[in-house]
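Shown below: start02.cif, with mmCIF, C-alpha atoms.
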data_query
#
loop_
_atom_site.group_PDB
_atom_site.id
_atom_site.type_symbol
_atom_site.label_atom_id
_atom_site.label_comp_id
_atom_site.auth_asym_id
_atom_site.auth_seq_id
_atom_site.Cartn_x
_atom_site.Cartn_y
_atom_site.Cartn_z
ATOM 1 C CA MET S 23 -14.239 50.700 -27.941
ATOM 2 C CA PHE S 24 -18.026 50.576 -27.565
ATOM 3 C CA GLY S 25 -19.955 52.136 -30.427
ATOM 4 C CA SER S 26 -23.424 53.543 -29.968
ATOM 5 C CA GLY S 27 -26.156 51.002 -29.382
ATOM 6 C CA ILE S 28 -25.732 47.672 -27.595
ATOM 7 C CA SER S 29 -22.520 45.622 -27.685
ATOM 8 C CA GLU S 30 -22.805 42.006 -26.546
ATOM 9 C CA VAL S 31 -20.036 40.915 -24.165
ATOM 10 C CA ILE S 32 -19.493 38.321 -21.493
ATOM 11 C CA ALA S 33 -19.306 40.170 -18.201
ATOM 12 C CA THR S 34 -17.112 38.744 -15.460
ATOM 13 C CA THR S 35 -17.383 39.763 -11.841
ATOM 14 C CA ARG S 36 -15.872 38.645 -8.575
ATOM 15 C CA GLY S 37 -17.702 38.250 -5.296
ATOM 16 C CA ASP S 38 -17.738 35.129 -3.184
ATOM 17 C CA LYS S 39 -16.893 33.436 -6.475
ATOM 18 C CA VAL S 40 -16.171 34.475 -10.047
ATOM 19 C CA ASN S 41 -19.237 34.813 -12.261
ATOM 20 C CA ALA S 42 -19.613 35.155 -16.027
ATOM 21 C CA ALA S 43 -22.768 36.174 -17.869
ATOM 22 C CA PRO S 44 -23.566 37.486 -21.352
ATOM 23 C CA MET S 45 -24.743 41.081 -21.177
ATOM 24 C CA GLY S 46 -25.304 44.042 -23.416
ATOM 25 C CA VAL S 47 -23.222 47.145 -22.801
ATOM 26 C CA VAL S 48 -25.456 50.030 -23.837
ATOM 27 C CA ASN S 49 -23.909 53.239 -25.151
ATOM 28 C CA ARG S 50 -26.523 55.944 -25.373
ATOM 29 C CA ASP S 51 -25.540 59.125 -23.504
ATOM 30 C CA PHE S 52 -23.358 57.057 -21.176
ATOM 31 C CA LEU S 53 -22.280 53.400 -20.810
ATOM 32 C CA TYR S 54 -24.544 51.142 -18.780
ATOM 33 C CA ILE S 55 -25.921 47.635 -18.367
ATOM 34 C CA SER S 56 -29.424 46.694 -17.338
ATOM 35 C CA MET S 57 -28.974 43.909 -14.759
ATOM 36 C CA TYR S 58 -31.437 41.497 -13.242
ATOM 37 C CA LYS S 59 -31.350 42.321 -9.529
ATOM 38 C CA GLY S 60 -31.557 38.645 -8.538
ATOM 39 C CA SER S 61 -28.421 37.663 -10.493
ATOM 40 C CA HIS S 62 -24.982 36.692 -9.205
ATOM 41 C CA THR S 63 -23.553 39.409 -11.448
ATOM 42 C CA PHE S 64 -25.607 42.117 -9.751
ATOM 43 C CA ALA S 65 -24.742 40.783 -6.277
ATOM 44 C CA ASN S 66 -21.034 40.834 -7.176
ATOM 45 C CA VAL S 67 -21.258 44.365 -8.595
ATOM 46 C CA LYS S 68 -23.022 45.561 -5.438
ATOM 47 C CA GLN S 69 -20.355 43.816 -3.337
ATOM 48 C CA ASN S 70 -17.202 45.129 -5.044
ATOM 49 C CA GLY S 71 -18.297 47.722 -7.616
ATOM 50 C CA LYS S 72 -16.406 46.262 -10.584
ATOM 51 C CA LEU S 73 -17.162 44.411 -13.803
ATOM 52 C CA VAL S 74 -15.076 43.285 -16.771
ATOM 53 C CA ALA S 75 -16.556 43.294 -20.285
ATOM 54 C CA ASN S 76 -14.880 40.478 -22.243
ATOM 55 C CA LEU S 77 -15.026 40.614 -26.036
ATOM 56 C CA VAL S 78 -15.334 37.011 -27.168
ATOM 57 C CA LEU S 79 -15.851 35.302 -30.536
ATOM 58 C CA ASP S 80 -16.803 31.823 -29.253
ATOM 59 C CA PRO S 81 -20.593 31.396 -29.541
ATOM 60 C CA GLN S 82 -20.525 28.316 -27.308
ATOM 61 C CA LEU S 83 -19.058 30.379 -24.480
ATOM 62 C CA TYR S 84 -21.996 32.804 -24.669
ATOM 63 C CA VAL S 85 -24.444 29.900 -24.385
ATOM 64 C CA LYS S 86 -22.544 28.242 -21.515
ATOM 65 C CA ALA S 87 -22.186 31.512 -19.616
ATOM 66 C CA ALA S 88 -25.915 32.166 -19.988
ATOM 67 C CA PHE S 89 -27.020 28.832 -18.538
ATOM 68 C CA ASP S 90 -24.176 27.371 -16.513
ATOM 69 C CA ASP S 91 -21.212 28.255 -14.338
ATOM 70 C CA LEU S 92 -17.982 28.344 -16.327
ATOM 71 C CA GLU S 93 -15.135 26.170 -15.120
ATOM 72 C CA SER S 94 -12.286 27.942 -13.359
ATOM 73 C CA SER S 95 -10.025 26.894 -16.259
ATOM 74 C CA CYS S 96 -11.898 29.426 -18.450
ATOM 75 C CA PHE S 97 -10.544 32.365 -16.419
ATOM 76 C CA ASP S 98 -7.271 34.189 -15.987
ATOM 77 C CA CYS S 99 -6.638 36.644 -13.228
ATOM 78 C CA PHE S 100 -5.105 40.002 -14.144
ATOM 79 C CA ASP S 101 -4.169 41.999 -11.031
ATOM 80 C CA GLY S 102 -7.090 40.426 -9.183
ATOM 81 C CA VAL S 103 -9.516 40.951 -12.057
ATOM 82 C CA PRO S 104 -11.247 37.890 -13.564
ATOM 83 C CA VAL S 105 -10.946 37.842 -17.356
ATOM 84 C CA LEU S 106 -11.835 35.132 -19.838
ATOM 85 C CA LYS S 107 -8.964 33.313 -21.506
ATOM 86 C CA ALA S 108 -11.013 33.344 -24.717
ATOM 87 C CA ALA S 109 -11.308 37.159 -24.771
ATOM 88 C CA TYR S 110 -9.522 38.993 -27.573
ATOM 89 C CA ALA S 111 -9.941 42.205 -25.554
ATOM 90 C CA TRP S 112 -11.440 43.310 -22.261
ATOM 91 C CA VAL S 113 -12.401 46.471 -20.421
ATOM 92 C CA GLU S 114 -12.562 46.800 -16.649
ATOM 93 C CA PHE S 115 -15.215 49.134 -15.255
ATOM 94 C CA THR S 116 -16.136 50.574 -11.916
ATOM 95 C CA CYS S 117 -19.880 50.336 -11.500
ATOM 96 C CA ALA S 118 -22.458 52.570 -9.901
ATOM 97 C CA VAL S 119 -26.072 51.515 -9.521
ATOM 98 C CA PHE S 120 -27.766 54.364 -11.338
ATOM 99 C CA ASP S 121 -31.428 53.388 -11.143
ATOM 100 C CA GLU S 122 -32.794 50.578 -9.018
ATOM 101 C CA ARG S 123 -36.453 51.644 -9.053
ATOM 102 C CA ALA S 124 -37.656 48.988 -11.497
ATOM 103 C CA GLN S 125 -38.990 45.827 -9.891
ATOM 104 C CA LYS S 126 -36.635 43.303 -11.539
ATOM 105 C CA ASN S 127 -33.788 45.201 -13.204
ATOM 106 C CA ALA S 128 -31.364 47.916 -12.216
ATOM 107 C CA ILE S 129 -29.413 50.266 -14.437
ATOM 108 C CA VAL S 130 -25.707 50.054 -13.631
ATOM 109 C CA ARG S 131 -23.551 52.857 -14.959
ATOM 110 C CA LEU S 132 -20.106 51.827 -16.200
ATOM 111 C CA HIS S 133 -16.919 53.882 -15.915
ATOM 112 C CA PRO S 134 -13.915 52.377 -17.776
ATOM 113 C CA ILE S 135 -10.710 52.246 -15.755
ATOM 114 C CA ARG S 136 -8.447 50.078 -17.911
ATOM 115 C CA SER S 137 -8.494 47.817 -20.912
ATOM 116 C CA ARG S 138 -6.332 45.358 -22.738
ATOM 117 C CA ILE S 139 -6.311 44.282 -26.364
ATOM 118 C CA ILE S 140 -4.875 40.783 -26.586
ATOM 119 C CA ASP S 141 -5.474 40.195 -30.278
ATOM 120 C CA ARG S 142 -6.869 42.190 -33.176
ATOM 121 C CA PRO S 143 -8.762 39.571 -35.148
ATOM 122 C CA ILE S 144 -10.250 40.344 -38.521
ATOM 123 C CA ILE S 145 -13.898 39.597 -37.930
ATOM 124 C CA PRO S 146 -16.191 39.237 -40.929
ATOM 125 C CA VAL S 147 -19.897 39.400 -40.151
ATOM 126 C CA ASN S 148 -21.258 35.911 -39.557
ATOM 127 C CA ARG S 149 -25.036 35.819 -39.503
ATOM 128 C CA GLY S 150 -24.901 32.419 -37.774
ATOM 129 C CA PHE S 151 -22.895 33.833 -34.855
ATOM 130 C CA ASN S 152 -25.269 36.776 -34.519
ATOM 131 C CA ALA S 153 -28.243 34.403 -34.652
ATOM 132 C CA VAL S 154 -26.755 32.300 -31.820
ATOM 133 C CA LEU S 155 -26.474 35.463 -29.714
ATOM 134 C CA GLU S 156 -30.087 36.440 -30.465
ATOM 135 C CA ALA S 157 -31.343 32.915 -29.732
ATOM 136 C CA THR S 158 -29.416 32.906 -26.451
ATOM 137 C CA ILE S 159 -30.917 36.239 -25.418
ATOM 138 C CA HIS S 160 -34.419 34.926 -26.149
ATOM 139 C CA ALA S 161 -33.638 31.679 -24.308
ATOM 140 C CA THR S 162 -32.694 33.603 -21.163
ATOM 141 C CA ARG S 163 -35.978 35.526 -21.447
ATOM 142 C CA TYR S 164 -37.848 32.249 -21.916
ATOM 143 C CA ASN S 165 -36.083 30.891 -18.836
ATOM 144 C CA ALA S 166 -37.248 33.876 -16.784
ATOM 145 C CA LEU S 167 -40.749 34.360 -18.195
ATOM 146 C CA ARG S 168 -41.741 31.028 -19.846
ATOM 147 C CA GLU S 169 -43.554 32.888 -22.630
ATOM 148 C CA PRO S 170 -43.991 30.757 -25.802
ATOM 149 C CA LYS S 171 -43.197 33.716 -28.077
ATOM 150 C CA TYR S 172 -39.534 33.306 -27.112
ATOM 151 C CA LEU S 173 -39.520 29.688 -28.299
ATOM 152 C CA LYS S 174 -40.776 30.854 -31.697
ATOM 153 C CA LEU S 175 -37.987 33.437 -31.880
ATOM 154 C CA ILE S 176 -35.401 30.816 -30.885
ATOM 155 C CA ASP S 177 -36.659 28.556 -33.702
ATOM 156 C CA TYR S 178 -36.445 31.447 -36.158
ATOM 157 C CA TYR S 179 -32.849 32.253 -35.202
ATOM 158 C CA GLY S 180 -32.058 28.533 -35.221
ATOM 159 C CA SER S 181 -33.024 28.411 -38.899
ATOM 160 C CA ILE S 182 -30.496 31.194 -39.561
ATOM 161 C CA VAL S 183 -27.810 29.343 -37.599
ATOM 162 C CA LYS S 184 -28.440 26.205 -39.668
ATOM 163 C CA ARG S 185 -28.290 28.151 -42.922
ATOM 164 C CA CYS S 186 -25.428 30.553 -42.157
ATOM 165 C CA GLY S 187 -23.413 29.171 -39.262
ATOM 166 C CA GLY S 188 -20.227 27.159 -39.224
ATOM 167 C CA LYS S 189 -19.338 24.263 -36.929
ATOM 168 C CA GLN S 190 -18.950 26.483 -33.845
ATOM 169 C CA GLU S 191 -22.312 28.141 -34.342
ATOM 170 C CA LEU S 192 -24.070 24.826 -35.056
ATOM 171 C CA HIS S 193 -22.558 23.278 -31.930
ATOM 172 C CA ALA S 194 -23.493 26.349 -29.855
ATOM 173 C CA PHE S 195 -27.109 26.153 -31.051
ATOM 174 C CA THR S 196 -27.239 22.432 -30.253
ATOM 175 C CA LEU S 197 -25.945 23.236 -26.771
ATOM 176 C CA LEU S 198 -28.601 25.925 -26.409
ATOM 177 C CA THR S 199 -31.385 23.490 -27.347
ATOM 178 C CA THR S 200 -29.985 21.040 -24.761
ATOM 179 C CA TYR S 201 -30.240 23.711 -22.046
ATOM 180 C CA LEU S 202 -33.782 24.533 -23.195
ATOM 181 C CA ALA S 203 -34.799 20.857 -23.035
ATOM 182 C CA GLU S 204 -33.471 20.737 -19.464
ATOM 183 C CA LEU S 205 -35.479 23.853 -18.612
ATOM 184 C CA ASP S 206 -38.648 22.331 -20.022
ATOM 185 C CA GLY S 207 -37.865 19.098 -18.164
ATOM 186 C CA ASP S 208 -37.860 21.139 -14.941
ATOM 187 C CA LYS S 209 -41.501 22.153 -15.555
ATOM 188 C CA GLY S 210 -42.489 18.608 -14.492
#
Final structure tokens representation of the file:
Amino acid sequence: MFGSGISEVIATTRGDKVNAAPMGVVNRDFLYISMYKGSHTFANVKQNGKLVANLVLDPQLYVKAAFDDLESSCFDCFDGVPVLKAAYAWVEFTCAVFDERAQKNAIVRLHPIRSRIIDRPIIPVNRGFNAVLEATIHATRYNALREPKYLKLIDYYGSIVKRCGGKQELHAFTLLTTYLAELDGDKG
């Protein structure tokens, strides 16, 4: 299911509460995710050792999951596993912290245990959707590091969204800029 390289998914985990966060599943010699050790996702994985990779086509959901807690109405429960209702497929993994030596991130190795394909959509490449994902990734880095270079990259990908995106992508980018304005408002 995961080709070589990085596949963007929305990871769901369960701990004290259900968490959702966009993440990249990396397939090099094995499947893994690099996780920020201070995240709810990492805490949940350390607590119960499981993660679900949800394959989702809604760009707004990626933005919301990156900057906010998703409402409980966004989730279904499948044998105790939190999955997104918007997912067209999902894979459940057991997780093993493989390398925790880095200061901020840990490498978490993924071992698939089951999956479900709910729909098999025909998905043409949409540069606007891809640009929303890239802008969201840079926005999360800006949130963590506050480096201006990420704002320039967000603007660049925003120009692609405006040129190539449909209504969903345009709305998702508007939502992203709203979250960024709130972040900058927090600087005081």
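Taking CA of Thr158 in chain S and CA of Lys171 in chain S as endpoints, the distance between them is 13.9 Å.
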One-decimal distance in Å that lies between CA of Pro134 in chain S and CA of Glu156 in chain S: 26.0 Å
Residues picked by the PyMOL selection byres ((chain S and resi 160-162) around 12) here, as a PDB file with C-alpha atoms, in the frame of the given file?
ATOM      1  CA  ALA S  43     -22.768  36.174 -17.869  1.00  0.00           C
ATOM      2  CA  PRO S  44     -23.566  37.486 -21.352  1.00  0.00           C
ATOM      3  CA  MET S  45     -24.743  41.081 -21.177  1.00  0.00           C
ATOM      4  CA  TYR S  58     -31.437  41.497 -13.242  1.00  0.00           C
ATOM      5  CA  TYR S  84     -21.996  32.804 -24.669  1.00  0.00           C
ATOM      6  CA  VAL S  85     -24.444  29.900 -24.385  1.00  0.00           C
ATOM      7  CA  LYS S  86     -22.544  28.242 -21.515  1.00  0.00           C
ATOM      8  CA  ALA S  87     -22.186  31.512 -19.616  1.00  0.00           C
ATOM      9  CA  ALA S  88     -25.915  32.166 -19.988  1.00  0.00           C
ATOM     10  CA  PHE S  89     -27.020  28.832 -18.538  1.00  0.00           C
ATOM     11  CA  ASP S  90     -24.176  27.371 -16.513  1.00  0.00           C
ATOM     12  CA  ALA S 153     -28.243  34.403 -34.652  1.00  0.00           C
ATOM     13  CA  VAL S 154     -26.755  32.300 -31.820  1.00  0.00           C
ATOM     14  CA  LEU S 155     -26.474  35.463 -29.714  1.00  0.00           C
ATOM     15  CA  GLU S 156     -30.087  36.440 -30.465  1.00  0.00           C
ATOM     16  CA  ALA S 157     -31.343  32.915 -29.732  1.00  0.00           C
ATOM     17  CA  THR S 158     -29.416  32.906 -26.451  1.00  0.00           C
ATOM     18  CA  ILE S 159     -30.917  36.239 -25.418  1.00  0.00           C
ATOM     19  CA  ARG S 163     -35.978  35.526 -21.447  1.00  0.00           C
ATOM     20  CA  TYR S 164     -37.848  32.249 -21.916  1.00  0.00           C
ATOM     21  CA  ASN S 165     -36.083  30.891 -18.836  1.00  0.00           C
ATOM     22  CA  ALA S 166     -37.248  33.876 -16.784  1.00  0.00           C
ATOM     23  CA  LEU S 167     -40.749  34.360 -18.195  1.00  0.00           C
ATOM     24  CA  ARG S 168     -41.741  31.028 -19.846  1.00  0.00           C
ATOM     25  CA  GLU S 169     -43.554  32.888 -22.630  1.00  0.00           C
ATOM     26  CA  PRO S 170     -43.991  30.757 -25.802  1.00  0.00           C
ATOM     27  CA  LYS S 171     -43.197  33.716 -28.077  1.00  0.00           C
ATOM     28  CA  TYR S 172     -39.534  33.306 -27.112  1.00  0.00           C
ATOM     29  CA  LEU S 173     -39.520  29.688 -28.299  1.00  0.00           C
ATOM     30  CA  LYS S 174     -40.776  30.854 -31.697  1.00  0.00           C
ATOM     31  CA  LEU S 175     -37.987  33.437 -31.880  1.00  0.00           C
ATOM     32  CA  ILE S 176     -35.401  30.816 -30.885  1.00  0.00           C
ATOM     33  CA  ASP S 177     -36.659  28.556 -33.702  1.00  0.00           C
ATOM     34  CA  TYR S 178     -36.445  31.447 -36.158  1.00  0.00           C
ATOM     35  CA  TYR S 179     -32.849  32.253 -35.202  1.00  0.00           C
ATOM     36  CA  GLY S 180     -32.058  28.533 -35.221  1.00  0.00           C
ATOM     37  CA  PHE S 195     -27.109  26.153 -31.051  1.00  0.00           C
ATOM     38  CA  LEU S 197     -25.945  23.236 -26.771  1.00  0.00           C
ATOM     39  CA  LEU S 198     -28.601  25.925 -26.409  1.00  0.00           C
ATOM     40  CA  THR S 199     -31.385  23.490 -27.347  1.00  0.00           C
ATOM     41  CA  THR S 200     -29.985  21.040 -24.761  1.00  0.00           C
ATOM     42  CA  TYR S 201     -30.240  23.711 -22.046  1.00  0.00           C
ATOM     43  CA  LEU S 202     -33.782  24.533 -23.195  1.00  0.00           C
ATOM     44  CA  ALA S 203     -34.799  20.857 -23.035  1.00  0.00           C
ATOM     45  CA  GLU S 204     -33.471  20.737 -19.464  1.00  0.00           C
ATOM     46  CA  LEU S 205     -35.479  23.853 -18.612  1.00  0.00           C
ATOM     47  CA  ASP S 206     -38.648  22.331 -20.022  1.00  0.00           C
TER      48      ASP S 206
END
Give me, as an MDAnalysis selection string, all polymer residues having an atom no more than 8 Å from Arg50 in chain S, counting all atoms listed in the file and skipping those fewer than 3 positions away in the same chain. chainID S and resid 26:27 53
Nearest-residue call for Ser61 in chain S, choices S:Ala42, S:Val147, S:Val31, S:Ala75, using only C-alpha atoms: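 When distances to Ser61 in chain S are compared using only C-alpha atoms, the smallest one comes from S:Ala42.
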Please, what distance in Å, to one decimal, runs between CA of Ala108 in chain S and CA of Cys186 in chain S?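 Separating CA of Ala108 in chain S from CA of Cys186 in chain S is a distance of 22.8 Å.
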Please provide the set of residues having any atom within 12 Å of Leu79 in chain S, restricted to all atoms listed in the file, with same-chain residues fewer than 2 positions apart removed, written as an NGL selection string. :S and (30-32 or 76-77 or 81-85 or 106-111 or 141-148 or 150-152 or 154-155 or 190-191 or 194)
Tell me, as a list in words, which residues lie within 9 Å of Val103 in chain S, counting only C-alpha atoms; anything in the same chain fewer than 6 positions away does not count. Thr34, Thr35, Arg36, Lys72, Leu73, Val74 and Glu114 of chain S
